[in-house]
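Structure data follow from run-v5.pdb (PDB, C-alpha atoms):
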ATOM      1  CA  MET A  14     -29.528 -12.536  33.288
ATOM      2  CA  SER A  15     -26.799 -13.107  30.697
ATOM      3  CA  GLY A  16     -25.429  -9.556  30.676
ATOM      4  CA  VAL A  17     -25.935  -9.385  26.907
ATOM      5  CA  PRO A  18     -27.517  -6.081  25.837
ATOM      6  CA  LEU A  19     -31.064  -6.673  24.606
ATOM      7  CA  SER A  20     -30.252  -5.313  21.149
ATOM      8  CA  LEU A  21     -27.450  -7.913  20.811
ATOM      9  CA  GLU A  22     -29.335 -10.912  22.233
ATOM     10  CA  GLY A  23     -29.077 -13.840  19.810
ATOM     11  CA  ARG A  24     -26.248 -12.278  17.764
ATOM     12  CA  PRO A  25     -23.009 -14.224  17.252
ATOM     13  CA  ARG A  26     -20.718 -13.375  20.177
ATOM     14  CA  LEU A  27     -17.045 -13.005  19.290
ATOM     15  CA  LEU A  28     -15.712 -12.175  22.751
ATOM     16  CA  ASP A  29     -17.257 -12.555  26.196
ATOM     17  CA  GLU A  30     -16.096 -10.792  29.372
ATOM     18  CA  MET A  31     -13.325 -13.309  30.098
ATOM     19  CA  ALA A  32     -12.109 -13.265  26.483
ATOM     20  CA  VAL A  33     -11.917  -9.449  26.555
ATOM     21  CA  ALA A  34      -9.851  -9.587  29.757
ATOM     22  CA  ARG A  35      -7.506 -12.268  28.345
ATOM     23  CA  THR A  36      -7.145 -10.327  25.101
ATOM     24  CA  VAL A  37      -6.250  -7.098  26.901
ATOM     25  CA  MET A  38      -3.586  -8.956  28.911
ATOM     26  CA  ARG A  39      -2.170 -10.595  25.768
ATOM     27  CA  LEU A  40      -2.003  -7.237  23.989
ATOM     28  CA  ALA A  41      -0.231  -5.738  27.012
ATOM     29  CA  HIS A  42       2.314  -8.598  26.877
ATOM     30  CA  GLU A  43       2.932  -7.858  23.183
ATOM     31  CA  ILE A  44       3.518  -4.166  23.915
ATOM     32  CA  ALA A  45       5.793  -5.003  26.862
ATOM     33  CA  GLU A  46       7.839  -7.337  24.693
ATOM     34  CA  ARG A  47       8.318  -4.684  22.016
ATOM     35  CA  HIS A  48       8.815  -1.722  24.384
ATOM     36  CA  ALA A  49      10.371  -3.233  27.520
ATOM     37  CA  GLY A  50      10.943  -0.521  30.122
ATOM     38  CA  GLU A  51       9.870   2.267  27.759
ATOM     39  CA  ARG A  52       7.234   4.746  28.924
ATOM     40  CA  ILE A  53       4.822   4.947  26.020
ATOM     41  CA  LEU A  54       1.704   7.019  25.395
ATOM     42  CA  LEU A  55      -1.583   5.192  24.842
ATOM     43  CA  ALA A  56      -3.994   7.445  22.924
ATOM     44  CA  GLY A  57      -7.509   6.037  23.132
ATOM     45  CA  ILE A  58      -9.891   7.034  20.359
ATOM     46  CA  LEU A  59     -13.215   8.200  21.774
ATOM     47  CA  THR A  60     -15.421   6.508  22.842
ATOM     48  CA  ARG A  61     -14.434   2.926  23.607
ATOM     49  CA  GLY A  62     -10.733   3.325  22.817
ATOM     50  CA  VAL A  63     -10.252   5.359  26.007
ATOM     51  CA  PRO A  64     -11.363   2.712  28.551
ATOM     52  CA  LEU A  65      -9.571   0.091  26.474
ATOM     53  CA  ALA A  66      -6.358   2.168  26.669
ATOM     54  CA  MET A  67      -6.805   2.527  30.429
ATOM     55  CA  ARG A  68      -7.176  -1.253  30.789
ATOM     56  CA  VAL A  69      -4.020  -1.840  28.733
ATOM     57  CA  ALA A  70      -2.189   0.720  30.888
ATOM     58  CA  ARG A  71      -3.193  -1.127  34.075
ATOM     59  CA  ALA A  72      -2.167  -4.457  32.522
ATOM     60  CA  LEU A  73       1.236  -3.073  31.531
ATOM     61  CA  GLU A  74       1.758  -1.784  35.048
ATOM     62  CA  ALA A  75       0.772  -5.216  36.443
ATOM     63  CA  LEU A  76       3.467  -6.718  34.212
ATOM     64  CA  GLY A  77       6.080  -4.472  35.851
ATOM     65  CA  GLN A  78       6.304  -1.995  32.985
ATOM     66  CA  PRO A  79       6.321   1.763  33.591
ATOM     67  CA  ARG A  80       2.705   2.965  33.657
ATOM     68  CA  PRO A  81       2.067   4.590  30.287
ATOM     69  CA  ASP A  82       0.462   7.982  29.932
ATOM     70  CA  VAL A  83      -3.092   7.734  28.621
ATOM     71  CA  ALA A  84      -4.780  10.328  26.452
ATOM     72  CA  ALA A  85      -8.237  10.610  24.913
ATOM     73  CA  LEU A  86      -8.311  11.441  21.213
ATOM     74  CA  ASP A  87     -11.426  13.237  19.926
ATOM     75  CA  LEU A  88     -11.704  12.902  16.146
ATOM     76  CA  LEU A  89     -14.906  14.864  15.620
ATOM     77  CA  ASP A  90     -13.169  17.609  13.600
ATOM     78  CA  TYR A  91     -10.951  15.161  11.682
ATOM     79  CA  ARG A  92     -13.468  12.771  10.154
ATOM     80  CA  ASP A  93     -13.631  12.796   6.353
ATOM     81  CA  ASP A  94     -17.408  12.295   6.323
ATOM     82  CA  ARG A  95     -18.033  15.680   7.976
ATOM     83  CA  PRO A  96     -17.162  19.241   6.948
ATOM     84  CA  ARG A  97     -13.769  20.189   8.351
ATOM     85  CA  PRO A  98     -13.246  23.378  10.328
ATOM     86  CA  ALA A  99     -11.051  26.090   8.802
ATOM     87  CA  GLN A 100      -8.479  25.600  11.577
ATOM     88  CA  PRO A 101      -7.505  22.323  13.263
ATOM     89  CA  ARG A 102      -9.075  21.915  16.660
ATOM     90  CA  PRO A 103      -6.308  22.441  19.241
ATOM     91  CA  GLY A 104      -7.880  20.247  21.929
ATOM     92  CA  ALA A 105      -8.233  16.966  20.031
ATOM     93  CA  LEU A 106      -5.740  15.297  22.420
ATOM     94  CA  ALA A 107      -6.732  15.522  26.075
ATOM     95  CA  SER A 108      -6.117  13.787  29.351
ATOM     96  CA  PRO A 109      -9.024  11.468  30.208
ATOM     97  CA  ASP A 110      -9.061  12.875  33.767
ATOM     98  CA  GLY A 111      -9.282  16.504  32.612
ATOM     99  CA  GLY A 112      -5.651  17.404  33.358
ATOM    100  CA  ALA A 113      -3.069  18.686  30.909
ATOM    101  CA  PRO A 114      -2.676  16.471  27.832
ATOM    102  CA  PRO A 115       0.516  14.414  27.738
ATOM    103  CA  ARG A 116       3.210  15.495  25.332
ATOM    104  CA  VAL A 117       3.495  13.690  22.012
ATOM    105  CA  ASP A 118       6.842  14.942  20.673
ATOM    106  CA  GLY A 119       9.493  12.242  20.430
ATOM    107  CA  ARG A 120       7.327   9.561  22.037
ATOM    108  CA  THR A 121       6.112   6.152  21.019
ATOM    109  CA  VAL A 122       2.352   6.540  20.714
ATOM    110  CA  VAL A 123       0.004   3.580  20.542
ATOM    111  CA  LEU A 124      -3.393   4.548  19.152
ATOM    112  CA  VAL A 125      -6.089   2.382  20.764
ATOM    113  CA  ASP A 126      -9.499   1.642  19.244
ATOM    114  CA  ASP A 127     -12.152  -1.030  19.588
ATOM    115  CA  VAL A 128     -12.710  -1.994  15.924
ATOM    116  CA  LEU A 129     -10.621  -1.498  12.775
ATOM    117  CA  PHE A 130     -12.667  -1.501   9.581
ATOM    118  CA  THR A 131     -11.923   0.762   6.587
ATOM    119  CA  GLY A 132      -8.993   2.608   8.178
ATOM    120  CA  ARG A 133     -10.654   6.024   7.896
ATOM    121  CA  THR A 134     -10.865   6.476  11.674
ATOM    122  CA  LEU A 135      -7.167   5.642  11.907
ATOM    123  CA  ARG A 136      -6.362   8.202   9.207
ATOM    124  CA  ALA A 137      -8.305  10.831  11.163
ATOM    125  CA  ALA A 138      -6.475   9.802  14.355
ATOM    126  CA  LEU A 139      -3.104  10.232  12.653
ATOM    127  CA  ASP A 140      -4.105  13.727  11.505
ATOM    128  CA  ALA A 141      -5.210  14.693  15.028
ATOM    129  CA  LEU A 142      -2.078  13.206  16.577
ATOM    130  CA  ILE A 143       0.248  15.070  14.204
ATOM    131  CA  ASP A 144      -1.581  18.311  15.036
ATOM    132  CA  ALA A 145      -0.716  17.619  18.696
ATOM    133  CA  GLY A 146       3.007  17.042  18.079
ATOM    134  CA  ARG A 147       5.612  14.902  16.347
ATOM    135  CA  PRO A 148       5.736  11.374  17.755
ATOM    136  CA  ALA A 149       8.834   9.216  17.286
ATOM    137  CA  THR A 150       6.665   6.272  16.204
ATOM    138  CA  VAL A 151       2.960   5.507  15.988
ATOM    139  CA  GLU A 152       1.460   2.053  16.410
ATOM    140  CA  LEU A 153      -2.132   0.862  16.474
ATOM    141  CA  LEU A 154      -3.838  -1.504  18.915
ATOM    142  CA  VAL A 155      -7.359  -2.749  18.160
ATOM    143  CA  LEU A 156      -9.550  -5.208  19.990
ATOM    144  CA  VAL A 157     -11.145  -6.460  16.737
ATOM    145  CA  ASP A 158      -9.902  -6.175  13.130
ATOM    146  CA  ARG A 159     -12.760  -6.938  10.769
ATOM    147  CA  GLY A 160     -10.958  -6.265   7.476
ATOM    148  CA  HIS A 161     -12.311  -4.371   4.445
ATOM    149  CA  ARG A 162      -9.599  -1.701   4.461
ATOM    150  CA  GLU A 163     -10.052   1.275   2.131
ATOM    151  CA  LEU A 164      -6.675   2.770   3.054
ATOM    152  CA  PRO A 165      -3.277   1.025   3.182
ATOM    153  CA  LEU A 166      -3.167   0.807   6.985
ATOM    154  CA  ARG A 167      -2.936  -2.066   9.427
ATOM    155  CA  ALA A 168      -2.800  -2.613  13.158
ATOM    156  CA  THR A 169       0.388  -3.402  15.059
ATOM    157  CA  TYR A 170      -1.489  -5.226  17.844
ATOM    158  CA  VAL A 171      -4.728  -7.104  17.105
ATOM    159  CA  GLY A 172      -6.907  -8.784  19.705
ATOM    160  CA  LYS A 173      -9.005 -10.794  17.260
ATOM    161  CA  ASN A 174      -9.230 -10.922  13.453
ATOM    162  CA  VAL A 175     -12.810 -11.483  12.341
ATOM    163  CA  PRO A 176     -13.792 -11.981   8.719
ATOM    164  CA  THR A 177     -17.063 -10.144   8.099
ATOM    165  CA  ALA A 178     -19.210  -9.204   5.143
ATOM    166  CA  PRO A 179     -19.013  -5.510   4.233
ATOM    167  CA  SER A 180     -22.682  -5.179   5.195
ATOM    168  CA  GLU A 181     -22.112  -6.545   8.719
ATOM    169  CA  ARG A 182     -20.896  -4.646  11.754
ATOM    170  CA  VAL A 183     -18.931  -5.604  14.829
ATOM    171  CA  ALA A 184     -20.377  -4.167  18.033
ATOM    172  CA  VAL A 185     -17.918  -3.895  20.931
ATOM    173  CA  ARG A 186     -19.325  -3.098  24.344
ATOM    174  CA  LEU A 187     -17.154  -2.187  27.338
ATOM    175  CA  ARG A 188     -18.233  -2.131  30.968
ATOM    176  CA  GLU A 189     -17.078   1.464  31.528
ATOM    177  CA  VAL A 190     -19.323   2.761  28.726
ATOM    178  CA  ASP A 191     -22.031   0.135  28.264
ATOM    179  CA  GLY A 192     -22.133  -1.841  31.513
ATOM    180  CA  VAL A 193     -21.027  -5.093  29.831
ATOM    181  CA  ASP A 194     -17.898  -6.456  28.116
ATOM    182  CA  GLY A 195     -18.040  -8.280  24.809
ATOM    183  CA  ALA A 196     -18.023  -8.161  21.025
ATOM    184  CA  TRP A 197     -20.766  -9.295  18.667
ATOM    185  CA  VAL A 198     -21.293  -9.592  14.923
ATOM    186  CA  VAL A 199     -24.340  -7.582  14.005
ATOM    187  CA  GLY A 200     -26.166  -8.707  10.879
ATOM    188  CA  GLU A 201     -26.995  -6.740   7.772
ATOM    189  CA  VAL A 202     -26.710  -2.997   8.275
ATOM    190  CA  PRO A 203     -29.496  -1.058   6.571
ATOM    191  CA  ALA A 204     -28.269   0.854   3.515
TER
END

Could you render the structure from this file as structure tokens?
Amino acid sequence: MSGVPLSLEGRPRLLDEMAVARTVMRLAHEIAERHAGERILLAGILTRGVPLAMRVARALEALGQPRPDVAALDLLDYRDDRPRPAQPRPGALASPDGGAPPRVDGRTVVLVDDVLFTGRTLRAALDALIDAGRPATVELLVLVDRGHRELPLRATYVGKNVPTAPSERVAVRLREVDGVDGAWVVGEVPA
């Protein structure tokens, strides 16, 4: 068995399991170079950004860097394609293990997501993060940047740039969520 999810069988594969592992290590090296010895906060955007952030945290620790705090960022109440609640949701930032969320104030925060497309998820993540505190700086790490930005935002750390048609999607699958690691280009998305 190839490990490729049935729904992705025959689709162009951008990253296999080894490429995902190498990419995570390279991204950790880039963070370590920029923030040597600094204890940063990795805020993974639910769903696949959280295990990706945890992998980057382990890689940073393996490189001799201080283990970063990891948080899970739930953007459900911050998306611009859904009605917004009257009050911001206080628990958007949480610890992935259920403990107290790490503090944001004065820290370097690296938002972590699997795919960067229009930038709207990133905008929602910035709103949620600011509701949680006032970071010193905010950076973005993505496994795949597929272009087609609708907002003037870009990633600080990019695993792979992939030119796609606006009608295509990039499907990232991670072992912790999906049982397999990889990224695929998925053909025409129904309108």

Measuring atom to atom with all atoms listed in the file, identify which of A:Pro109, A:Gly23, A:Gly132, A:Gly119 is nearest to Arg167 of chain A.
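Result for the nearest residue to Arg167 of chain A: A:Gly132.
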
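Note that atom CA of Leu89 of chain A and atom CA of Arg116 of chain A are 20.6 Å apart.
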
Would you kindly translate the PyMOL selection byres ((chain A and resi 118) around 10) into the concrete residues it picks from this file, as a PyMOL selection string?
chain A and resi 115-117+119-122+142-143+145-150

Write a file of the selected residues as a short mmCIF file (atom, residue, chain, number, x, y, z; two decimals), in the coordinates of the input, keeping C-alpha atoms.
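The new file result09.cif reads:
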data_model
loop_
_atom_site.label_atom_id
_atom_site.label_comp_id
_atom_site.auth_asym_id
_atom_site.auth_seq_id
_atom_site.Cartn_x
_atom_site.Cartn_y
_atom_site.Cartn_z
CA PRO A 115 0.52 14.41 27.74
CA ARG A 116 3.21 15.50 25.33
CA VAL A 117 3.50 13.69 22.01
CA GLY A 119 9.49 12.24 20.43
CA ARG A 120 7.33 9.56 22.04
CA THR A 121 6.11 6.15 21.02
CA VAL A 122 2.35 6.54 20.71
CA LEU A 142 -2.08 13.21 16.58
CA ILE A 143 0.25 15.07 14.20
CA ALA A 145 -0.72 17.62 18.70
CA GLY A 146 3.01 17.04 18.08
CA ARG A 147 5.61 14.90 16.35
CA PRO A 148 5.74 11.37 17.76
CA ALA A 149 8.83 9.22 17.29
CA THR A 150 6.66 6.27 16.20
#

Evaluating the PyMOL selection byres ((chain A and resi 199) around 8) on the displayed file yields which residues, as an MDAnalysis selection string?
chainID A and resid 21 24:25 181:184 197:198 200:202

Exactly which residues make up the result of the PyMOL selection byres ((chain A and resi 128) around 9) on this file, given as a list in words?
Gly62, Asp126, Asp127, Leu129, Phe130, Val155, Leu156, Val157, Asp158, Arg159, Val183, Ala184 and Val185 of chain A

Around all the atoms of segment 38-51 of chain A listed in the file, draw an axis-aligned box and extend it by 3 Å on each of the six sides; I want its centre and edge lengths in Å to one decimal, as JSON.
{"center_x": 3.7, "center_y": -4.2, "center_z": 26.1, "size_x": 20.5, "size_y": 18.9, "size_z": 14.1}

Need to verify the contact set: Leu59 of chain A, 9 Å, all atoms listed in the file, exclusion of same-chain residues closer than 3 positions in sequence. Can you return it as a ChimeraX atom specification?
/A:62-64,85-88,126

The selected residues should be written to file as a JSON list (two decimals), in the coordinates of the input (atoms: C-alpha atoms).
[["chain", "number", "residue", "atom", "x", "y", "z"],
["A", 62, "GLY", "CA", -10.73, 3.32, 22.82],
["A", 63, "VAL", "CA", -10.25, 5.36, 26.01],
["A", 64, "PRO", "CA", -11.36, 2.71, 28.55],
["A", 85, "ALA", "CA", -8.24, 10.61, 24.91],
["A", 86, "LEU", "CA", -8.31, 11.44, 21.21],
["A", 87, "ASP", "CA", -11.43, 13.24, 19.93],
["A", 88, "LEU", "CA", -11.70, 12.90, 16.15],
["A", 126, "ASP", "CA", -9.50, 1.64, 19.24]]

Å distance separating atom CA of Val171 of chain A from atom CA of Leu153 of chain A, one decimal place
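So the answer is 8.4 Å.
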
Nearest-residue call for Leu28 of chain A, choices A:Asp194, A:Asp110, A:Asp90, A:Glu74, using all atoms listed in the file:
A:Asp194

Hey, what's within 9 Å of Arg71 of chain A if we count all atoms listed in the file and toss same-chain stuff fewer than 5 positions away? As a PDB file with C-alpha atoms, keeping the file's coordinate frame, please?
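Now in around_38.pdb:
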ATOM      1  CA  ALA A  41      -0.231  -5.738  27.012  1.00  0.00           C
ATOM      2  CA  ALA A  66      -6.358   2.168  26.669  1.00  0.00           C
ATOM      3  CA  LEU A  76       3.467  -6.718  34.212  1.00  0.00           C
ATOM      4  CA  ARG A  80       2.705   2.965  33.657  1.00  0.00           C
ATOM      5  CA  PRO A  81       2.067   4.590  30.287  1.00  0.00           C
TER       6      PRO A  81
END

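Compared by their closest atoms to Ile44 of chain A, and using only C-alpha atoms, the residues A:Ala178, A:Ala105, A:Met31, A:Leu73 rank with A:Leu73 nearest.
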
As a check of understanding: the span from atom CA of Leu19 of chain A to atom CA of Arg133 of chain A is 29.3 Å

Among A:Thr60, A:Thr169, A:Thr134, A:Ser108, Glu189 of chain A is approached most closely, using only C-alpha atoms, by A:Thr60

List the spatial neighbours of Glu30 of chain A as a count of residues only - criterion: any atom at most 9 Å away, all atoms listed in the file, same-chain residues fewer than 4 positions off excluded.
7

Return segment 181-195 of chain A, completed with N, CA and C atoms, as an mmCIF file, keeping the file's coordinate frame.
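Saved to out.cif:
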data_model
loop_
_atom_site.group_PDB
_atom_site.id
_atom_site.type_symbol
_atom_site.label_atom_id
_atom_site.label_comp_id
_atom_site.auth_asym_id
_atom_site.auth_seq_id
_atom_site.Cartn_x
_atom_site.Cartn_y
_atom_site.Cartn_z
ATOM 1 N N GLU A 181 -21.996 -6.245 7.288
ATOM 2 C CA GLU A 181 -22.112 -6.545 8.719
ATOM 3 C C GLU A 181 -21.344 -5.502 9.528
ATOM 4 N N ARG A 182 -21.625 -5.491 10.826
ATOM 5 C CA ARG A 182 -20.896 -4.646 11.754
ATOM 6 C C ARG A 182 -20.372 -5.511 12.892
ATOM 7 N N VAL A 183 -19.381 -4.997 13.587
ATOM 8 C CA VAL A 183 -18.931 -5.604 14.829
ATOM 9 C C VAL A 183 -19.237 -4.602 15.932
ATOM 10 N N ALA A 184 -20.013 -5.024 16.906
ATOM 11 C CA ALA A 184 -20.377 -4.167 18.033
ATOM 12 C C ALA A 184 -19.546 -4.579 19.242
ATOM 13 N N VAL A 185 -18.691 -3.669 19.714
ATOM 14 C CA VAL A 185 -17.918 -3.895 20.931
ATOM 15 C C VAL A 185 -18.601 -3.118 22.044
ATOM 16 N N ARG A 186 -18.757 -3.748 23.167
ATOM 17 C CA ARG A 186 -19.325 -3.098 24.344
ATOM 18 C C ARG A 186 -18.324 -3.264 25.483
ATOM 19 N N LEU A 187 -18.074 -2.158 26.206
ATOM 20 C CA LEU A 187 -17.154 -2.187 27.338
ATOM 21 C C LEU A 187 -17.886 -1.726 28.598
ATOM 22 N N ARG A 188 -17.584 -2.371 29.685
ATOM 23 C CA ARG A 188 -18.233 -2.131 30.968
ATOM 24 C C ARG A 188 -18.258 -0.650 31.348
ATOM 25 N N GLU A 189 -17.162 0.059 31.118
ATOM 26 C CA GLU A 189 -17.078 1.464 31.528
ATOM 27 C C GLU A 189 -18.065 2.354 30.770
ATOM 28 N N VAL A 190 -18.422 1.967 29.562
ATOM 29 C CA VAL A 190 -19.323 2.761 28.726
ATOM 30 C C VAL A 190 -20.720 2.150 28.682
ATOM 31 N N ASP A 191 -20.777 0.825 28.551
ATOM 32 C CA ASP A 191 -22.031 0.135 28.264
ATOM 33 C C ASP A 191 -22.535 -0.771 29.386
ATOM 34 N N GLY A 192 -21.723 -0.976 30.420
ATOM 35 C CA GLY A 192 -22.133 -1.841 31.513
ATOM 36 C C GLY A 192 -21.877 -3.322 31.297
ATOM 37 N N VAL A 193 -21.305 -3.690 30.145
ATOM 38 C CA VAL A 193 -21.027 -5.093 29.831
ATOM 39 C C VAL A 193 -19.812 -5.152 28.915
ATOM 40 N N ASP A 194 -19.042 -6.243 29.002
ATOM 41 C CA ASP A 194 -17.898 -6.456 28.116
ATOM 42 C C ASP A 194 -18.242 -7.512 27.084
ATOM 43 N N GLY A 195 -17.860 -7.272 25.838
ATOM 44 C CA GLY A 195 -18.040 -8.280 24.809
ATOM 45 C C GLY A 195 -17.970 -7.683 23.424
#
